[in-house]
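Student: Below are the structure tokens for one structure; questions will follow.
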Amino acid sequence: MSNARLKNLITLNTKCTIAEPRPYVALEHIASGTGALEERVELPIEMPKPNGMVSVEPGDVLFGKLRPYLAKSWLVDRQAHASTELLCLRPSEYVDSRWLGYLVRSIPFVTWAVASSEGTKMPRTSWEKLGQFRLNPPTLSSQQNMANYLDIETTCIEALISKKRRFMELMDDRKKILGEEALSMFRRQEQLVPLKYLVRESDTRLGLRAQPTLLSVSIHDGVTALGSGSSFESRADNFSNYKICQSGDIVINRMRAFQGALGLANQGGIVSPDYTVLQVGSGVSANYLHFVMRSSWFIAEMTRRLRGIGSTDQGQVRTPRINFADLGLIRIPVPPRERQNEFALNLTHQEERLTHVVDLLTQQLDALGERRQALITAVVTGEMSVPEVQA
């Protein structure tokens, strides 16, 4: 079957034939480029919906139609139902399912899937296009040997990736507890001042002024400028109601404040009308206050004061928000300015070191991902000969 089309080697399963509840796998449950589910994902159990899912069996291969450059695929290992956003590829007698699982992660296949996609913001491929993919499948025994070899090699790569990701999580945890011990000492030894006496809420709107830089607040990065291509660009007519903030202001994403979405603005700009902008007074250092308000202790204090629908427990409040009136009651330790500056400078240096480590780990993870895909490509296309490997 040299130079065969994919549609001649496998069957596309589109039926929901099992009238019983099964684990349900959606596109978001599948990791990018790994051929597996996301780590620690628990598939929900759902009743079949004939027009909204497909019944899948062990040995089927799922491939995501939406944004195929992500290479979201899964070699099914259990009876389940799958979203119709996933193509269910069922191998014929001439195709080993594990080999097929590697094939759909190879560079030629992903490149074909991307080239056959339609749409720009949300590109989507189809079976009509993917089925035209041409390949020269080796014999079934060769496919099985290739899969045996790749199982061993990719498992080693995945183990290394997992270790580096775990290390990144430890770095993130470390960043979260930076300064907690010193801050705890400050709360015991220094004067505690309600936040409302240290800052002033600013509510100046842009109006008809020229549009400055659009800023956003995230959990991990604090206050950052939104790049070009942001979804905000299509809403330029609404910018008149956006709030103006200055360099040195504290900006709070009210809906995600309990997750740490606040920070110090290092440049002027405009922010969402639903954000809170605080101008820092002379009684406290803005850098010091930034670290205090991003500490676990302060975030816990904000969480206790959430307002929304439901319980004040952060896991149960819907549309949670923190109001300045409640925020202002939190009592902040205010040591002498020299100690504030020393505290902030020390934490800045530690954060920079941790960020550098995380950046290096990110580069290594990218390289490992590229190595994994290149290895898969070389093996399944026959560019690389592999030794005999027992299953």
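Residues in the structure tokens are named by chain (A, B, ... in the order shown) and by number from 1 within that chain; ligands are numbered from 1 in the order shown.
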Using only C-alpha atoms, which residues sit within 12 Å of His349 in chain A once same-chain residues fewer than 5 positions away are excluded, as a list of chain:residue names?
Tutor: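 So, after excluding close chain neighbours, the residues are A:Lys175, A:Leu178, A:Gly179, A:Glu342, A:Phe343, A:Ala344, A:Leu354, A:Thr355, A:His356.
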Student: Restricted to C-alpha atoms, what would the selected residues look like written as a short mmCIF file (atom, residue, chain, number, x, y, z; two decimals), in the first residue's frame?
Tutor:
data_model
loop_
_atom_site.label_atom_id
_atom_site.label_comp_id
_atom_site.auth_asym_id
_atom_site.auth_seq_id
_atom_site.Cartn_x
_atom_site.Cartn_y
_atom_site.Cartn_z
CA LYS A 175 7.70 32.45 44.73
CA LEU A 178 8.81 34.58 49.44
CA GLY A 179 8.90 37.02 52.33
CA GLU A 342 15.17 46.38 52.21
CA PHE A 343 12.27 43.90 52.26
CA ALA A 344 11.11 44.84 48.75
CA LEU A 354 13.50 32.23 40.34
CA THR A 355 12.17 33.73 37.12
CA HIS A 356 15.52 33.09 35.45
#
Student: Output as an NGL selection string all residues of range 153-325 of chain A that backbone DSSP marks as alpha helix (DSSP H).
Tutor: :A and (153-177 or 180-189 or 286-293 or 296-304 or 324-325)
Student: List the spatial neighbours of Val280 in chain A as a PyMOL selection string - criterion: any atom at most 7 Å away, only C-alpha atoms, same-chain residues fewer than 2 positions off excluded.
Tutor: chain A and resi 198-200+249+278+282+286
Student: Mind checking which residues fall within 10 Å of Met293 in chain A, counting only C-alpha atoms, ignoring those fewer than 3 positions away in the same chain, and posting them as a PyMOL selection string?
Tutor: chain A and resi 250+252+257+260-264+288-290+296-299+301-302+332
Student: Would you mind exporting N, CA, C and O atoms of the selected residues as a compact mmCIF listing (two decimals), in the first residue's frame?
Tutor:
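See out.txt below for the written result:
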# COMPACT_ATOMS: atom_id res chain seq x y z
N ILE A 250 -1.19 50.67 42.49
CA ILE A 250 -1.53 49.26 42.67
C ILE A 250 -2.84 49.00 41.93
O ILE A 250 -3.82 49.73 42.13
N ILE A 252 -5.85 46.19 40.93
CA ILE A 252 -6.44 44.94 41.41
C ILE A 252 -7.52 44.47 40.44
O ILE A 252 -8.45 45.22 40.11
N ALA A 257 -8.91 38.71 42.47
CA ALA A 257 -8.00 39.18 43.51
C ALA A 257 -7.68 38.07 44.50
O ALA A 257 -6.54 37.97 44.99
N GLY A 260 -4.70 36.20 43.66
CA GLY A 260 -3.44 36.92 43.56
C GLY A 260 -3.32 37.81 42.35
O GLY A 260 -2.21 38.24 42.00
N ALA A 261 -4.43 38.12 41.68
CA ALA A 261 -4.38 38.95 40.47
C ALA A 261 -4.37 40.43 40.84
O ALA A 261 -5.39 41.12 40.78
N LEU A 262 -3.22 40.91 41.25
CA LEU A 262 -3.01 42.32 41.55
C LEU A 262 -1.52 42.60 41.46
O LEU A 262 -0.71 41.68 41.43
N GLY A 263 -1.16 43.86 41.38
CA GLY A 263 0.25 44.17 41.30
C GLY A 263 0.52 45.64 41.11
O GLY A 263 -0.40 46.47 41.03
N LEU A 264 1.80 45.95 41.01
CA LEU A 264 2.28 47.33 40.87
C LEU A 264 2.43 47.67 39.40
O LEU A 264 3.05 46.93 38.63
N TYR A 288 7.03 47.92 48.51
CA TYR A 288 6.76 47.14 49.71
C TYR A 288 5.30 46.71 49.73
O TYR A 288 4.97 45.53 49.96
N LEU A 289 4.40 47.64 49.46
CA LEU A 289 2.98 47.34 49.50
C LEU A 289 2.60 46.30 48.44
O LEU A 289 1.75 45.44 48.67
N HIS A 290 3.25 46.37 47.29
CA HIS A 290 3.03 45.39 46.23
C HIS A 290 3.26 43.98 46.74
O HIS A 290 2.44 43.07 46.53
N SER A 296 0.52 35.49 50.69
CA SER A 296 -0.54 34.53 51.01
C SER A 296 -1.42 35.06 52.14
O SER A 296 -2.64 34.86 52.14
N TRP A 297 -0.80 35.73 53.09
CA TRP A 297 -1.57 36.26 54.22
C TRP A 297 -2.59 37.30 53.74
O TRP A 297 -3.77 37.24 54.10
N PHE A 298 -2.15 38.24 52.91
CA PHE A 298 -3.06 39.30 52.47
C PHE A 298 -4.16 38.72 51.58
O PHE A 298 -5.32 39.11 51.69
N ILE A 299 -3.80 37.80 50.71
CA ILE A 299 -4.80 37.19 49.83
C ILE A 299 -5.85 36.45 50.64
O ILE A 299 -7.05 36.48 50.32
N GLU A 301 -6.77 37.31 53.62
CA GLU A 301 -7.61 38.35 54.21
C GLU A 301 -8.63 38.87 53.19
O GLU A 301 -9.79 39.14 53.52
N MET A 302 -8.19 39.01 51.93
CA MET A 302 -9.14 39.42 50.88
C MET A 302 -10.22 38.37 50.67
O MET A 302 -11.40 38.70 50.50
N ILE A 332 -2.34 46.62 57.74
CA ILE A 332 -1.05 46.34 57.13
C ILE A 332 0.09 46.70 58.09
O ILE A 332 0.07 47.79 58.68
Student: Can you tell me which residues surround range 59-73 of chain A at a distance of at most 9 Å, considering only C-alpha atoms, apart from same-chain residues fewer than 2 positions away, and format the answer as a PyMOL selection string?
Tutor: chain A and resi 13+27-28+30-37+56-57+75-78+82+84-91+96-98+100-101+104-106+110-111+113-114+117+121-127
Student: So which residues of range 139-370 of chain A fall under strand (DSSP E) by DSSP, listed as a ChimeraX atom specification?
Tutor: /A:192-194,199-202,215-218,222-225,243-245,250-253,262-264,269-271,275-280,307-309,318-321,331-333
Student: For the residues in the current selection, export N, CA and C atoms as a CSV table (one decimal), in the first residue's frame.
Tutor:
chain,number,residue,atom,x,y,z
A,192,LEU,N,0.3,48.3,63.0
A,192,LEU,CA,-0.7,47.8,62.0
A,192,LEU,C,-1.6,48.9,61.6
A,193,VAL,N,-1.6,49.3,60.3
A,193,VAL,CA,-2.4,50.4,59.8
A,193,VAL,C,-3.5,49.9,58.8
A,194,PRO,N,-4.7,50.3,59.0
A,194,PRO,CA,-5.7,49.9,58.0
A,194,PRO,C,-5.3,50.4,56.6
A,199,VAL,N,-3.6,54.2,51.1
A,199,VAL,CA,-3.8,54.3,49.7
A,199,VAL,C,-5.1,55.1,49.5
A,200,ARG,N,-5.3,55.6,48.3
A,200,ARG,CA,-6.5,56.3,47.9
A,200,ARG,C,-7.0,55.6,46.6
A,201,GLU,N,-8.3,55.3,46.5
A,201,GLU,CA,-8.9,54.8,45.3
A,201,GLU,C,-9.0,55.8,44.3
A,202,SER,N,-8.5,55.5,43.1
A,202,SER,CA,-8.6,56.4,41.9
A,202,SER,C,-9.6,55.9,40.9
A,215,LEU,N,-3.5,48.0,29.9
A,215,LEU,CA,-2.9,47.2,30.8
A,215,LEU,C,-3.8,46.1,31.3
A,216,SER,N,-3.3,45.0,31.7
A,216,SER,CA,-4.1,43.9,32.3
A,216,SER,C,-3.4,43.4,33.6
A,217,VAL,N,-4.1,42.6,34.4
A,217,VAL,CA,-3.6,42.1,35.6
A,217,VAL,C,-3.8,40.6,35.6
A,218,SER,N,-2.7,39.9,35.8
A,218,SER,CA,-2.8,38.4,35.8
A,218,SER,C,-2.3,37.9,37.2
A,222,GLY,N,1.3,39.8,37.4
A,222,GLY,CA,0.9,41.1,37.9
A,222,GLY,C,0.4,42.0,36.8
A,223,VAL,N,0.8,43.3,36.8
A,223,VAL,CA,0.3,44.3,35.8
A,223,VAL,C,1.2,44.3,34.6
A,224,THR,N,0.7,44.0,33.5
A,224,THR,CA,1.4,43.9,32.2
A,224,THR,C,0.7,44.6,31.1
A,225,ALA,N,1.4,45.1,30.1
A,225,ALA,CA,0.8,45.7,28.9
A,225,ALA,C,0.3,44.6,28.0
A,243,LYS,N,-10.4,53.0,33.2
A,243,LYS,CA,-9.7,53.8,34.3
A,243,LYS,C,-8.3,54.1,33.9
A,244,ILE,N,-7.8,55.3,34.3
A,244,ILE,CA,-6.4,55.7,34.1
A,244,ILE,C,-5.6,55.3,35.3
A,245,CYS,N,-4.5,54.7,35.1
A,245,CYS,CA,-3.6,54.4,36.2
A,245,CYS,C,-2.2,54.9,35.9
A,250,ILE,N,-1.2,50.7,42.5
A,250,ILE,CA,-1.5,49.3,42.7
A,250,ILE,C,-2.8,49.0,41.9
A,251,VAL,N,-2.8,48.0,41.1
A,251,VAL,CA,-4.0,47.7,40.3
A,251,VAL,C,-4.5,46.3,40.7
A,252,ILE,N,-5.8,46.2,40.9
A,252,ILE,CA,-6.4,44.9,41.4
A,252,ILE,C,-7.5,44.5,40.4
A,253,ASN,N,-7.4,43.2,40.0
A,253,ASN,CA,-8.5,42.6,39.2
A,253,ASN,C,-9.5,42.1,40.3
A,262,LEU,N,-3.2,40.9,41.2
A,262,LEU,CA,-3.0,42.3,41.6
A,262,LEU,C,-1.5,42.6,41.5
A,263,GLY,N,-1.2,43.9,41.4
A,263,GLY,CA,0.3,44.2,41.3
A,263,GLY,C,0.5,45.6,41.1
A,264,LEU,N,1.8,46.0,41.0
A,264,LEU,CA,2.3,47.3,40.9
A,264,LEU,C,2.4,47.7,39.4
A,269,GLY,N,-1.1,53.8,32.0
A,269,GLY,CA,-2.0,53.2,31.0
A,269,GLY,C,-3.4,53.3,31.4
A,270,ILE,N,-4.2,52.5,30.8
A,270,ILE,CA,-5.7,52.3,31.2
A,270,ILE,C,-6.0,50.9,31.5
A,271,VAL,N,-6.9,50.7,32.4
A,271,VAL,CA,-7.3,49.3,32.8
A,271,VAL,C,-8.8,49.2,32.7
A,275,TYR,N,-11.6,47.0,37.3
A,275,TYR,CA,-10.4,46.9,38.2
A,275,TYR,C,-10.5,48.0,39.2
A,276,THR,N,-9.8,47.8,40.3
A,276,THR,CA,-9.6,48.8,41.3
A,276,THR,C,-8.2,49.4,41.2
A,277,VAL,N,-8.1,50.7,41.1
A,277,VAL,CA,-6.8,51.4,41.0
A,277,VAL,C,-6.5,52.1,42.3
A,278,LEU,N,-5.4,51.9,42.9
A,278,LEU,CA,-5.0,52.5,44.2
A,278,LEU,C,-3.8,53.3,44.1
A,279,GLN,N,-3.9,54.6,44.5
A,279,GLN,CA,-2.7,55.4,44.5
A,279,GLN,C,-2.1,55.3,45.9
A,280,VAL,N,-0.8,55.1,45.9
A,280,VAL,CA,-0.1,54.8,47.2
A,280,VAL,C,0.3,56.1,47.8
A,307,ARG,N,-17.3,39.4,48.2
A,307,ARG,CA,-18.7,39.5,48.0
A,307,ARG,C,-19.1,38.9,46.7
A,308,GLY,N,-20.2,38.2,46.7
A,308,GLY,CA,-20.7,37.6,45.5
A,308,GLY,C,-21.9,36.7,45.8
A,309,ILE,N,-22.2,35.8,45.0
A,309,ILE,CA,-23.4,34.9,45.2
A,309,ILE,C,-22.9,33.7,45.8
A,318,ARG,N,-19.8,32.7,43.6
A,318,ARG,CA,-19.8,32.9,42.1
A,318,ARG,C,-19.8,34.4,41.9
A,319,THR,N,-19.1,34.8,40.8
A,319,THR,CA,-18.8,36.2,40.5
A,319,THR,C,-18.3,37.0,41.7
A,320,PRO,N,-17.2,36.4,42.4
A,320,PRO,CA,-16.6,37.0,43.6
A,320,PRO,C,-15.9,38.3,43.2
A,321,ARG,N,-16.1,39.3,44.1
A,321,ARG,CA,-15.4,40.6,44.0
A,321,ARG,C,-15.0,41.1,45.3
A,331,ARG,N,-5.6,45.4,58.0
A,331,ARG,CA,-4.5,46.2,58.7
A,331,ARG,C,-3.1,45.7,58.3
A,332,ILE,N,-2.3,46.6,57.7
A,332,ILE,CA,-1.0,46.3,57.1
A,332,ILE,C,0.1,46.7,58.1
A,333,PRO,N,1.1,45.8,58.2
A,333,PRO,CA,2.2,46.2,59.1
A,333,PRO,C,3.1,47.3,58.3
Student: Nearest residue to Asp359 in chain A out of A:Glu388, A:Glu180, A:Asp326, A:Asp172, using only C-alpha atoms?
Tutor: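 That would be A:Asp172, the residue with the smallest distance to Asp359 in chain A.
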Student: Looking at A:Gln144, A:Gln350, A:Gln340, A:Thr154, which one is nearest to Pro387 in chain A, with distances taken over only C-alpha atoms?
Tutor: A:Gln144
Student: Go through A:Gln211, A:Gln246, A:Asn241, A:Asn323 one by one, measure the shortest atom-to-atom distance of each to Pro273 in chain A using only C-alpha atoms, and give the residue with the smallest value.
Tutor: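 Between A:Gln211, A:Gln246, A:Asn241, A:Asn323, the residue approaching Pro273 in chain A most closely is A:Asn241.
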